[in-house]
file upload_15.txt (compact mmCIF, C-alpha atoms)
# COMPACT_ATOMS: atom_id res chain seq x y z
CA MET A 1 295.78 289.01 151.40
CA ILE A 2 294.40 286.08 149.40
CA CYS A 3 297.00 283.39 148.72
CA LEU A 4 296.21 280.92 145.98
CA ASP A 5 298.12 277.82 144.99
CA LEU A 6 295.63 275.54 143.32
CA HIS A 7 295.93 272.57 140.97
CA LYS A 8 293.16 271.06 138.93
CA THR A 9 293.29 268.82 135.89
CA PHE A 10 290.39 268.79 133.45
CA LYS A 11 290.05 265.94 131.00
CA THR A 12 288.27 266.74 127.77
CA THR A 13 287.87 264.88 124.51
CA GLY A 14 290.25 267.31 122.82
CA GLY A 15 293.04 266.68 125.36
CA GLY A 16 292.88 268.40 128.71
CA LEU A 17 293.84 271.41 130.75
CA THR A 18 296.00 271.48 133.81
CA LEU A 19 295.25 274.48 135.91
CA HIS A 20 298.05 275.53 138.22
CA LEU A 21 297.45 278.94 139.66
CA GLN A 22 299.85 280.44 142.06
CA THR A 23 299.37 284.06 143.02
CA GLU A 24 298.73 286.51 145.82
CA VAL A 25 296.00 289.10 145.72
CA PRO A 26 296.26 292.05 148.15
CA LYS A 27 293.21 292.60 150.32
CA GLY A 28 290.90 295.28 149.00
CA SER A 29 292.28 295.20 145.48
CA PHE A 30 290.31 294.95 142.24
CA VAL A 31 291.82 292.14 140.22
CA THR A 32 290.90 291.10 136.70
CA LEU A 33 291.57 287.69 135.19
CA TYR A 34 292.25 288.22 131.51
CA GLY A 35 292.98 285.66 128.83
CA PRO A 36 291.54 283.54 126.04
CA SER A 37 288.42 281.41 126.46
CA GLY A 38 289.14 278.05 128.01
CA ALA A 39 292.27 279.30 129.82
CA GLY A 40 290.78 278.55 133.24
CA LYS A 41 289.46 281.94 134.37
CA THR A 42 285.92 280.87 135.29
CA SER A 43 287.24 277.66 136.85
CA THR A 44 289.46 279.83 139.06
CA LEU A 45 286.44 281.82 140.26
CA ARG A 46 284.54 278.57 140.87
CA MET A 47 287.41 277.13 142.92
CA ILE A 48 287.57 280.30 145.04
CA ALA A 49 283.79 280.14 145.52
CA GLY A 50 283.90 276.48 146.52
CA LEU A 51 281.79 275.39 143.55
CA LEU A 52 284.67 273.39 142.08
CA LYS A 53 287.05 271.33 144.20
CA PRO A 54 290.75 271.65 143.31
CA ASP A 55 292.76 268.39 143.06
CA GLU A 56 295.23 269.81 145.52
CA GLY A 57 296.63 273.05 146.86
CA ILE A 58 295.79 275.80 149.27
CA LEU A 59 293.54 278.86 149.37
CA LEU A 60 294.11 281.27 152.24
CA VAL A 61 291.84 284.28 152.73
CA GLU A 62 293.21 286.69 155.31
CA ASP A 63 295.17 283.79 156.84
CA VAL A 64 292.04 281.61 157.12
CA PRO A 65 292.30 278.39 155.08
CA TRP A 66 289.23 278.03 152.84
CA PHE A 67 290.87 275.08 151.13
CA ASP A 68 293.93 273.08 152.11
CA SER A 69 294.25 269.62 150.57
CA SER A 70 297.07 268.57 152.94
CA ARG A 71 294.87 269.30 155.99
CA LYS A 72 291.67 268.13 154.27
CA ILE A 73 290.06 271.53 154.71
CA ASN A 74 287.37 272.48 152.20
CA LEU A 75 284.98 275.14 153.44
CA ARG A 76 281.45 274.85 152.11
CA VAL A 77 280.19 277.50 149.68
CA GLN A 78 277.89 278.95 152.34
CA LYS A 79 280.82 279.45 154.74
CA ARG A 80 283.06 281.22 152.27
CA GLN A 81 281.68 284.78 152.41
CA ILE A 82 281.66 285.37 148.72
CA GLY A 83 279.38 287.25 146.38
CA TYR A 84 279.19 285.76 142.93
CA VAL A 85 277.74 287.62 139.95
CA PHE A 86 277.30 285.83 136.64
CA GLN A 87 276.85 287.18 133.15
CA ASP A 88 273.25 285.87 133.03
CA TYR A 89 272.20 287.46 136.38
CA ALA A 90 270.86 284.15 137.82
CA LEU A 91 268.02 285.83 139.73
CA PHE A 92 265.04 283.94 141.15
CA PRO A 93 262.29 284.67 138.58
CA ASN A 94 259.41 284.00 141.00
CA MET A 95 260.67 286.51 143.59
CA THR A 96 260.51 290.29 143.58
CA VAL A 97 263.67 292.38 143.61
CA ARG A 98 263.36 292.81 147.38
CA GLU A 99 262.80 289.09 147.93
CA ASN A 100 265.82 288.24 145.79
CA LEU A 101 267.93 290.48 148.01
CA GLU A 102 266.41 289.17 151.25
CA TYR A 103 267.17 285.61 150.18
CA GLY A 104 270.88 286.37 150.05
CA CYS A 105 271.03 288.51 153.17
CA PRO A 106 272.27 286.93 156.41
CA GLU A 107 270.13 287.58 159.50
CA ASP A 108 272.94 289.38 161.32
CA SER A 109 273.67 291.59 158.34
CA GLU A 110 275.09 295.02 159.09
CA ILE A 111 273.55 296.45 155.97
CA SER A 112 269.77 296.61 155.53
CA ILE A 113 267.94 295.69 152.35
CA ASP A 114 266.60 299.27 152.21
CA GLU A 115 270.12 300.66 152.30
CA LEU A 116 271.15 298.32 149.50
CA LEU A 117 268.11 299.20 147.40
CA GLU A 118 268.97 302.86 147.83
CA PHE A 119 272.68 302.39 147.11
CA MET A 120 271.96 300.53 143.88
CA GLU A 121 269.08 302.90 143.01
CA LEU A 122 266.59 300.02 142.97
CA GLY A 123 264.03 301.47 145.40
CA GLN A 124 261.32 302.01 142.80
CA LEU A 125 261.82 298.53 141.39
CA ALA A 126 261.69 296.71 144.74
CA SER A 127 258.34 295.03 144.14
CA ARG A 128 258.97 294.15 140.48
CA LYS A 129 259.80 290.65 139.22
CA PRO A 130 263.12 290.19 137.35
CA GLN A 131 261.57 289.47 133.95
CA THR A 132 259.96 292.93 133.92
CA LEU A 133 263.38 294.60 134.27
CA SER A 134 265.97 295.55 131.64
CA GLY A 135 269.28 293.66 131.48
CA GLY A 136 271.09 296.50 133.22
CA GLN A 137 268.49 296.63 136.01
CA GLN A 138 268.64 292.85 136.49
CA GLN A 139 272.41 292.97 136.77
CA ARG A 140 272.11 295.74 139.38
CA VAL A 141 269.81 293.44 141.37
CA ALA A 142 272.34 290.60 141.00
CA LEU A 143 275.09 292.92 142.26
CA ALA A 144 272.93 294.11 145.16
CA ARG A 145 272.18 290.49 146.07
CA ALA A 146 275.90 289.70 146.06
CA LEU A 147 276.52 292.73 148.33
CA ALA A 148 273.76 291.61 150.70
CA GLN A 149 275.92 288.62 151.55
CA GLN A 150 278.61 290.99 152.85
CA PRO A 151 281.32 289.12 151.05
CA LYS A 152 285.03 289.16 151.74
CA ILE A 153 285.49 288.48 148.05
CA LEU A 154 283.22 289.63 145.23
CA LEU A 155 283.54 287.35 142.20
CA LEU A 156 282.35 288.76 138.88
CA ASP A 157 282.26 286.50 135.83
CA GLU A 158 281.97 288.78 132.81
CA PRO A 159 279.19 290.60 134.62
CA LEU A 160 278.62 293.24 131.95
CA ALA A 161 279.30 291.24 128.79
CA ALA A 162 275.61 290.74 127.97
CA LEU A 163 274.72 294.41 128.34
CA ASP A 164 274.73 297.04 125.66
CA TYR A 165 277.27 299.81 125.78
CA LYS A 166 275.16 302.40 127.62
CA PHE A 167 274.23 300.03 130.45
CA ARG A 168 277.78 298.69 130.60
CA LEU A 169 279.19 302.15 131.32
CA LYS A 170 276.54 302.79 133.96
CA LEU A 171 277.18 299.41 135.60
CA GLN A 172 280.91 300.11 135.57
CA ASP A 173 280.13 303.19 137.67
CA TYR A 174 278.23 301.00 140.13
CA LEU A 175 281.07 298.48 140.26
CA PHE A 176 283.53 301.29 140.89
CA ARG A 177 281.38 302.72 143.71
CA ILE A 178 280.77 299.30 145.24
CA HIS A 179 284.44 298.47 145.29
CA ARG A 180 285.34 301.89 146.71
CA ASP A 181 282.66 301.97 149.42
CA PHE A 182 282.61 298.33 150.56
CA ASN A 183 285.84 296.98 151.92
CA PHE A 184 286.28 293.78 149.99
CA THR A 185 288.46 292.24 147.34
CA THR A 186 286.96 292.02 143.86
CA ILE A 187 288.03 289.40 141.33
CA MET A 188 286.53 289.87 137.86
CA VAL A 189 286.76 287.95 134.61
CA SER A 190 286.59 290.34 131.67
CA HIS A 191 287.70 290.66 128.05
CA ASP A 192 286.90 294.36 127.80
CA ILE A 193 290.19 296.25 128.00
CA GLY A 194 288.44 299.59 128.52
CA GLU A 195 286.48 298.16 131.44
CA ILE A 196 289.58 296.49 132.88
CA SER A 197 291.64 299.68 132.62
CA ARG A 198 288.88 301.67 134.28
CA LEU A 199 288.29 299.35 137.23
CA SER A 200 291.29 297.15 138.00
CA ASP A 201 294.37 297.65 140.14
CA LEU A 202 295.91 294.40 139.00
CA VAL A 203 295.52 292.24 135.89
CA LEU A 204 296.45 288.55 135.88
CA VAL A 205 296.89 287.25 132.36
CA ILE A 206 295.90 283.57 132.33
CA GLU A 207 296.83 281.26 129.50
CA GLU A 208 296.48 277.48 129.51
CA GLY A 209 295.80 277.38 133.22
CA ARG A 210 298.70 279.52 134.37
CA VAL A 211 299.31 283.14 135.25
CA VAL A 212 301.71 284.12 132.49
CA ARG A 213 301.92 287.84 133.29
CA GLN A 214 300.66 290.22 135.89
CA GLY A 215 300.71 293.96 136.36
CA THR A 216 298.65 297.11 136.34
CA PRO A 217 296.35 297.60 133.31
CA ASP A 218 298.85 300.15 131.98
CA GLU A 219 301.70 297.67 132.23
CA ILE A 220 299.71 294.80 130.68
CA PHE A 221 298.02 296.70 127.87
CA GLY A 222 301.02 298.83 127.02
CA ASN A 223 299.52 302.21 127.71
CA ARG A 224 302.76 303.58 129.08
CA GLN A 225 305.05 302.37 126.34
CA ILE A 226 304.30 305.34 124.17
CA SER A 227 304.14 309.01 125.09
CA GLY A 228 301.08 309.83 122.95
CA LYS A 229 298.32 311.04 125.26
CA PHE A 230 295.44 310.39 122.89
CA ARG A 231 295.14 306.64 123.31
CA PHE A 232 292.27 304.26 122.85
CA VAL A 233 291.80 300.54 122.69
CA GLY A 234 289.42 299.44 119.98
CA GLU A 235 288.41 296.67 117.66
CA VAL A 236 289.06 296.63 113.92
CA GLN A 237 285.74 296.76 112.05
CA GLY A 238 286.92 297.53 108.54
CA ILE A 239 290.11 297.65 106.47
CA GLU A 240 289.94 299.45 103.12
CA LYS A 241 292.85 299.90 100.78
CA HIS A 242 292.98 303.38 99.26
CA ASP A 243 295.78 304.29 96.96
CA ILE A 244 298.99 303.56 98.88
CA ILE A 245 297.44 303.70 102.32
CA TYR A 246 294.78 301.87 104.29
CA ILE A 247 291.79 303.41 106.01
CA VAL A 248 291.00 301.35 109.05
CA SER A 249 287.68 301.62 110.87
CA VAL A 250 288.01 300.98 114.57
CA LEU A 251 285.20 300.68 117.09
CA VAL A 252 286.25 302.51 120.23
CA GLN A 253 283.54 301.95 122.81
CA ASN A 254 280.46 302.90 120.78
CA GLN A 255 282.16 305.27 118.35
CA LEU A 256 283.42 304.17 114.98
CA ILE A 257 286.57 306.09 114.15
CA LYS A 258 288.90 305.97 111.17
CA VAL A 259 292.66 305.78 111.15
CA VAL A 260 294.99 306.13 108.19
CA ALA A 261 297.63 303.41 108.25
CA GLN A 262 300.61 302.33 106.20
CA PRO A 263 300.71 298.84 104.64
CA SER A 264 303.63 297.99 106.98
CA GLU A 265 301.57 299.15 109.94
CA MET A 266 298.73 296.82 108.95
CA ARG A 267 300.84 293.67 108.68
CA GLY A 268 299.39 291.14 111.09
CA ILE A 269 296.28 293.24 111.83
CA ASN A 270 292.99 291.62 110.82
CA MET A 271 289.29 292.30 111.16
CA GLY A 272 288.12 291.87 114.73
CA ASP A 273 291.60 292.36 116.25
CA LYS A 274 291.99 294.49 119.35
CA VAL A 275 294.26 297.41 118.63
CA MET A 276 295.74 300.43 120.37
CA ILE A 277 295.36 303.77 118.67
CA ALA A 278 297.73 306.49 119.76
CA SER A 279 298.26 310.05 118.71
CA LYS A 280 299.76 313.19 120.15
CA ALA A 281 297.47 315.29 122.32
CA PHE A 282 298.35 318.26 120.12
CA ASN A 283 296.35 317.08 117.10
CA PRO A 284 292.71 316.81 118.21
CA ILE A 285 290.46 319.84 118.27
CA ILE A 286 287.87 320.22 120.99
CA TYR A 287 284.49 321.92 120.97
CA LYS A 288 281.36 321.87 123.07
CA ILE A 289 278.29 320.04 121.86
CA ASP A 290 274.76 320.78 123.05
CA MET B 1 302.44 292.95 120.96
CA LYS B 2 304.77 295.54 122.41
CA ILE B 3 305.16 299.01 120.98
CA SER B 4 308.82 298.20 120.25
CA ASP B 5 307.66 295.46 117.85
CA ILE B 6 305.72 297.89 115.72
CA ARG B 7 307.11 298.09 112.21
CA SER B 8 304.85 300.94 111.37
CA MET B 9 305.59 304.62 111.44
CA ASN B 10 308.99 306.18 111.29
CA ARG B 11 310.89 304.90 114.26
CA LEU B 12 314.41 306.08 115.08
CA GLU B 13 316.50 305.16 118.11
CA GLY B 14 318.20 307.88 120.09
CA GLU B 15 319.25 309.25 123.46
CA ILE B 16 317.70 312.07 125.44
CA ILE B 17 320.28 314.87 125.69
CA GLY B 18 318.16 317.77 126.88
CA ILE B 19 314.86 318.54 128.60
CA ILE B 20 313.31 321.95 129.10
CA GLU B 21 310.13 321.82 131.14
CA ASP B 22 307.35 324.30 131.70
CA ASN B 23 304.19 323.57 133.68
CA GLY B 24 303.73 319.92 132.77
CA LEU B 25 304.97 320.36 129.22
CA SER B 26 308.50 319.47 128.15
CA GLN B 27 310.64 319.99 125.12
CA VAL B 28 312.87 316.94 124.82
CA THR B 29 315.99 316.92 122.67
CA ILE B 30 317.04 313.54 121.33
CA ALA B 31 320.35 312.79 119.64
CA LEU B 32 319.80 310.27 116.87
CA GLY B 33 323.14 310.30 115.10
CA VAL B 34 326.38 312.25 114.93
CA ASP B 35 324.79 315.25 113.28
CA THR B 36 321.11 314.65 113.87
CA ILE B 37 319.05 315.87 116.76
CA LEU B 38 315.28 316.07 117.00
CA LYS B 39 313.21 318.07 119.42
CA CYS B 40 309.75 317.04 120.53
CA LEU B 41 307.04 318.39 122.76
CA VAL B 42 305.45 315.99 125.23
CA ILE B 43 302.91 316.37 128.04
CA GLU B 44 305.26 314.77 130.55
CA THR B 45 307.96 316.06 132.84
CA PRO B 46 310.89 314.37 134.59
CA SER B 47 308.73 314.20 137.73
CA SER B 48 305.75 312.57 135.98
CA ALA B 49 307.60 310.03 133.84
CA ALA B 50 310.62 308.00 134.89
CA TYR B 51 312.07 307.78 131.39
CA MET B 52 312.36 311.57 131.13
CA ARG B 53 316.03 311.62 132.09
CA ILE B 54 319.06 312.79 130.20
CA GLY B 55 320.99 309.76 128.97
CA THR B 56 317.91 307.55 128.60
CA LYS B 57 317.67 305.62 125.33
CA ARG B 58 314.36 306.26 123.64
CA ALA B 59 312.87 305.88 120.21
CA VAL B 60 311.13 308.71 118.44
CA ILE B 61 308.18 307.76 116.28
CA PHE B 62 306.15 309.83 113.89
CA LYS B 63 303.52 309.10 111.34
CA GLU B 64 304.53 308.99 107.68
CA THR B 65 301.68 311.34 106.81
CA GLU B 66 303.15 314.02 109.13
CA VAL B 67 306.48 314.14 107.32
CA ILE B 68 307.21 317.29 105.33
CA LEU B 69 309.73 317.13 102.51
CA GLY B 70 311.76 320.16 101.46
CA LYS B 71 314.14 320.87 98.66
CA GLY B 72 316.55 323.69 97.91
CA ASN B 73 316.80 326.77 100.12
CA LEU B 74 314.93 326.24 103.40
CA SER B 75 316.52 328.99 105.46
CA SER B 76 313.36 330.70 106.66
CA PHE B 77 310.95 328.12 107.99
CA SER B 78 309.29 327.50 111.37
CA LEU B 79 310.44 323.90 111.44
CA GLN B 80 313.50 323.10 113.49
CA ASN B 81 313.52 319.34 113.05
CA ARG B 82 315.35 318.80 109.77
CA ILE B 83 317.14 315.71 108.58
CA PRO B 84 319.00 315.77 105.26
CA GLY B 85 318.86 312.73 103.01
CA THR B 86 318.49 311.40 99.51
CA ILE B 87 315.42 309.86 97.92
CA GLN B 88 315.88 306.12 97.69
CA ASN B 89 312.54 305.16 96.25
CA ILE B 90 309.14 306.62 95.32
CA LYS B 91 305.99 304.51 95.27
CA GLU B 92 303.15 306.23 93.48
CA GLY B 93 299.41 305.96 94.00
CA LYS B 94 296.65 307.99 92.41
CA LEU B 95 296.52 310.82 94.96
CA LEU B 96 299.46 310.11 97.20
CA CYS B 97 302.97 308.85 96.97
CA GLU B 98 305.29 307.24 99.46
CA VAL B 99 308.78 308.68 99.41
CA ALA B 100 311.56 306.71 101.12
CA VAL B 101 314.42 308.97 102.16
CA LYS B 102 317.81 307.58 103.13
CA THR B 103 319.32 309.61 105.99
CA GLU B 104 322.24 309.39 108.41
CA VAL B 105 319.88 307.92 110.99
CA GLY B 106 318.05 305.43 108.76
CA LEU B 107 315.25 305.28 106.26
CA ILE B 108 312.43 307.76 106.77
CA ILE B 109 309.14 307.40 104.92
CA GLY B 110 307.06 310.40 103.98
CA ILE B 111 303.66 310.42 102.34
CA VAL B 112 303.02 313.46 100.17
CA SER B 113 300.50 314.22 97.48
CA ILE B 114 301.27 313.34 93.89
CA GLU B 115 300.78 317.03 93.06
CA SER B 116 303.55 317.99 95.51
CA LYS B 117 305.80 315.36 94.04
CA ILE B 118 305.24 316.76 90.55
CA ASP B 119 305.52 320.41 91.64
CA MET B 120 308.76 319.73 93.49
CA ALA B 121 310.01 317.40 90.75
CA LEU B 122 310.98 314.78 93.31
CA ILE B 123 313.03 311.98 91.78
CA LYS B 124 315.17 309.09 92.97
CA ASP B 125 318.68 309.96 94.28
CA GLU B 126 317.78 313.58 94.77
CA ALA B 127 318.82 315.46 97.93
CA VAL B 128 315.88 316.45 100.13
CA THR B 129 315.31 317.55 103.72
CA VAL B 130 312.90 315.62 105.91
CA MET B 131 311.05 317.89 108.34
CA ILE B 132 308.73 317.07 111.19
CA LYS B 133 307.00 319.35 113.66
CA GLN B 134 307.93 318.96 117.32
CA ASN B 135 304.36 318.27 118.33
CA GLU B 136 304.07 315.33 115.90
CA ILE B 137 306.80 313.25 117.50
CA MET B 138 306.04 310.60 120.10
CA LEU B 139 308.57 309.01 122.39
CA SER B 140 308.57 305.27 122.82
CA GLU B 141 310.54 302.52 124.54
call {"tool": "encode", "arguments": {"input": "upload_15.txt", "output": "structure tokens"}}
result
Amino acid sequence: MICLDLHKTFKTTGGGLTLHLQTEVPKGSFVTLYGPSGAGKTSTLRMIAGLLKPDEGILLVEDVPWFDSSRKINLRVQKRQIGYVFQDYALFPNMTVRENLEYGCPEDSEISIDELLEFMELGQLASRKPQTLSGGQQQRVALARALAQQPKILLLDEPLAALDYKFRLKLQDYLFRIHRDFNFTTIMVSHDIGEISRLSDLVLVIEEGRVVRQGTPDEIFGNRQISGKFRFVGEVQGIEKHDIIYIVSVLVQNQLIKVVAQPSEMRGINMGDKVMIASKAFNPIIYKID
Amino acid sequence: MKISDIRSMNRLEGEIIGIIEDNGLSQVTIALGVDTILKCLVIETPSSAAYMRIGTKRAVIFKETEVILGKGNLSSFSLQNRIPGTIQNIKEGKLLCEVAVKTEVGLIIGIVSIESKIDMALIKDEAVTVMIKQNEIMLSE
């Protein structure tokens, strides 16, 4: 169990943000922090990692205090057993893939670099430098480097946001395998509802520095509120008025689909909005494609 | 936004009064008013979904474009879900028209082609029957 009760006030020119996060994360779970930009999600990861000092509060990881302001405990980053993966990979450009992994690997590591290279399917790239790799390959190296540290907590800050759709799906598979096969808690920041639904056990919705809701992805994103089995989350790409109806183009993953909607249905829905599309499972036809 | 906030689609409140299940598929009967029941097919069973219980309040929702309107003698028809009403309003477009039907259980909107409207001579205040296939109805909170 990870117990968090952390306070931090940020002063900015436009006012400020008071972060007060109080929550418990079960050991071994995959948790996603979801919410608008500037709500305090990345700051939360940084406080867990020890990169940002809370004003006060407590952070207990499996009953071990990593931070406790009342007892003046503040474990250094290196002592915290975390793996941290950023959106921009943050690899050492002058080192090969293998050297990047070795840098992060403790001497008494139970897992060898070769095993990690094999697990992340990086064996053939081991002697390459990061700039010669694709974005997806670089992020796999960053994940492998985080795993090399044998973390208790894996922190992922929008790790797949910079990747195109194909790589994102592939990397999601890796994240799923990593979380399943290594026994640690994963805390991810993501805005991608499809990704969140696929990977997370628990979603914490953070707004203005507080957890305003929490639940399973189904509970948070409303997947169970309607019995239709044909459900997708997508983003509105086009709204065309035809006659007395609208034809709405929605990007669902990498497919652009069209939905007929009533004017009343479209009230409050604008371009770029995230929407849920639901239909009965009886309507679609299915056929094999070569 | 919660599903219950959605103003779209035809949404009618009711109570589950019957469930017949068969291999993961259920036919749910919902009482909407004194004389109105609707049946719907869902891929859920009482063991897979907690709300699938007799006595549970549930809304039925169905898309306006799935509504079928009938007039006159409808005795031989493979559609069991039938709600009688009167046309309250018709909004016409070029190809389609939106027909608002006042029923015992509330206003139901149907979208039919202009050609159907002309063929059937649909006009305001006329008695019609709203029909909807069982497999077009979704259940919602």
call {"tool": "interface_residues", "arguments": {"input": "upload_15.txt", "of": "chain A", "to": "chain B", "cutoff": "6 Å", "atoms": "only C-alpha atoms", "output": "PDB file with C-alpha atoms, in the frame of the given file"}}
result
ATOM      1  CA  GLN A 225     305.050 302.370 126.340  1.00  0.00           C
ATOM      2  CA  ILE A 226     304.300 305.340 124.170  1.00  0.00           C
ATOM      3  CA  SER A 227     304.140 309.010 125.090  1.00  0.00           C
ATOM      4  CA  GLY A 228     301.080 309.830 122.950  1.00  0.00           C
ATOM      5  CA  ASP A 243     295.780 304.290  96.960  1.00  0.00           C
ATOM      6  CA  ILE A 244     298.990 303.560  98.880  1.00  0.00           C
ATOM      7  CA  SER A 264     303.630 297.990 106.980  1.00  0.00           C
ATOM      8  CA  GLU A 265     301.570 299.150 109.940  1.00  0.00           C
TER       9      GLU A 265
END
call {"tool": "residues_near_point", "arguments": {"input": "upload_15.txt", "point": "(264.8, 294.5, 141.1)", "cutoff": "8 Å", "atoms": "only C-alpha atoms", "output": "PyMOL selection string"}}
result
chain A and resi 96-98+100+122+125-130+133+137-138+140-141
call {"tool": "atom_distance", "arguments": {"input": "upload_15.txt", "atom1": "CA of Arg145 (chain A)", "atom2": "CA of Leu75 (chain A)"}}
result
21.3 Å
call {"tool": "residues_near_point", "arguments": {"input": "upload_15.txt", "point": "(307.1, 323.7, 127.3)", "cutoff": "12 Å", "atoms": "only C-alpha atoms", "output": "PyMOL selection string"}}
result
chain B and resi 19-28+39-45+134-135
call {"tool": "atom_distance", "arguments": {"input": "upload_15.txt", "atom1": "CA of Ser279 (chain A)", "atom2": "CA of Lys229 (chain A)"}}
result
6.6 Å
call {"tool": "decode", "arguments": {"input": "upload_15.txt", "residues": "region 27-46 of chain B", "atoms": "N, CA and C atoms", "output": "PDB file, in the first residue's frame"}}
result
ATOM      1  N   GLN B  27     -34.090 -11.226 -22.494  1.00  0.00           N
ATOM      2  CA  GLN B  27     -35.185 -10.367 -22.940  1.00  0.00           C
ATOM      3  C   GLN B  27     -35.758  -9.723 -21.672  1.00  0.00           C
ATOM      4  N   VAL B  28     -35.662  -8.400 -21.633  1.00  0.00           N
ATOM      5  CA  VAL B  28     -36.087  -7.670 -20.434  1.00  0.00           C
ATOM      6  C   VAL B  28     -37.395  -6.955 -20.743  1.00  0.00           C
ATOM      7  N   THR B  29     -38.360  -7.109 -19.854  1.00  0.00           N
ATOM      8  CA  THR B  29     -39.635  -6.406 -20.024  1.00  0.00           C
ATOM      9  C   THR B  29     -39.676  -5.239 -19.053  1.00  0.00           C
ATOM     10  N   ILE B  30     -39.975  -4.071 -19.572  1.00  0.00           N
ATOM     11  CA  ILE B  30     -39.978  -2.859 -18.751  1.00  0.00           C
ATOM     12  C   ILE B  30     -41.367  -2.218 -18.817  1.00  0.00           C
ATOM     13  N   ALA B  31     -41.919  -1.949 -17.640  1.00  0.00           N
ATOM     14  CA  ALA B  31     -43.210  -1.251 -17.588  1.00  0.00           C
ATOM     15  C   ALA B  31     -42.923   0.240 -17.558  1.00  0.00           C
ATOM     16  N   LEU B  32     -43.490   0.949 -18.521  1.00  0.00           N
ATOM     17  CA  LEU B  32     -43.239   2.394 -18.605  1.00  0.00           C
ATOM     18  C   LEU B  32     -44.430   3.199 -18.095  1.00  0.00           C
ATOM     19  N   GLY B  33     -45.596   2.692 -18.277  1.00  0.00           N
ATOM     20  CA  GLY B  33     -46.797   3.401 -17.835  1.00  0.00           C
ATOM     21  C   GLY B  33     -47.856   2.374 -17.534  1.00  0.00           C
ATOM     22  N   VAL B  34     -49.072   2.835 -17.295  1.00  0.00           N
ATOM     23  CA  VAL B  34     -50.163   1.923 -16.929  1.00  0.00           C
ATOM     24  C   VAL B  34     -50.359   0.868 -18.013  1.00  0.00           C
ATOM     25  N   ASP B  35     -50.380   1.316 -19.256  1.00  0.00           N
ATOM     26  CA  ASP B  35     -50.692   0.381 -20.340  1.00  0.00           C
ATOM     27  C   ASP B  35     -49.501   0.109 -21.246  1.00  0.00           C
ATOM     28  N   THR B  36     -48.345   0.614 -20.894  1.00  0.00           N
ATOM     29  CA  THR B  36     -47.232   0.514 -21.840  1.00  0.00           C
ATOM     30  C   THR B  36     -46.098  -0.332 -21.287  1.00  0.00           C
ATOM     31  N   ILE B  37     -45.806  -1.396 -21.998  1.00  0.00           N
ATOM     32  CA  ILE B  37     -44.595  -2.150 -21.681  1.00  0.00           C
ATOM     33  C   ILE B  37     -43.741  -2.227 -22.942  1.00  0.00           C
ATOM     34  N   LEU B  38     -42.410  -2.286 -22.711  1.00  0.00           N
ATOM     35  CA  LEU B  38     -41.497  -2.480 -23.834  1.00  0.00           C
ATOM     36  C   LEU B  38     -40.629  -3.692 -23.519  1.00  0.00           C
ATOM     37  N   LYS B  39     -40.263  -4.405 -24.540  1.00  0.00           N
ATOM     38  CA  LYS B  39     -39.339  -5.523 -24.353  1.00  0.00           C
ATOM     39  C   LYS B  39     -38.043  -5.198 -25.084  1.00  0.00           C
ATOM     40  N   CYS B  40     -36.929  -5.558 -24.474  1.00  0.00           N
ATOM     41  CA  CYS B  40     -35.667  -5.333 -25.176  1.00  0.00           C
ATOM     42  C   CYS B  40     -34.717  -6.498 -24.984  1.00  0.00           C
ATOM     43  N   LEU B  41     -33.868  -6.679 -25.960  1.00  0.00           N
ATOM     44  CA  LEU B  41     -32.857  -7.742 -25.900  1.00  0.00           C
ATOM     45  C   LEU B  41     -31.536  -7.122 -25.497  1.00  0.00           C
ATOM     46  N   VAL B  42     -30.886  -7.693 -24.488  1.00  0.00           N
ATOM     47  CA  VAL B  42     -29.569  -7.188 -24.094  1.00  0.00           C
ATOM     48  C   VAL B  42     -28.606  -8.359 -23.898  1.00  0.00           C
ATOM     49  N   ILE B  43     -27.321  -8.075 -24.110  1.00  0.00           N
ATOM     50  CA  ILE B  43     -26.304  -9.116 -23.885  1.00  0.00           C
ATOM     51  C   ILE B  43     -25.832  -8.987 -22.447  1.00  0.00           C
ATOM     52  N   GLU B  44     -26.702  -9.220 -21.534  1.00  0.00           N
ATOM     53  CA  GLU B  44     -26.442  -9.215 -20.095  1.00  0.00           C
ATOM     54  C   GLU B  44     -27.400 -10.229 -19.490  1.00  0.00           C
ATOM     55  N   THR B  45     -27.042 -10.689 -18.299  1.00  0.00           N
ATOM     56  CA  THR B  45     -27.966 -11.561 -17.571  1.00  0.00           C
ATOM     57  C   THR B  45     -27.971 -11.103 -16.117  1.00  0.00           C
ATOM     58  N   PRO B  46     -28.928 -11.550 -15.326  1.00  0.00           N
ATOM     59  CA  PRO B  46     -28.925 -11.144 -13.908  1.00  0.00           C
ATOM     60  C   PRO B  46     -27.601 -11.466 -13.208  1.00  0.00           C
TER      61      PRO B  46
END
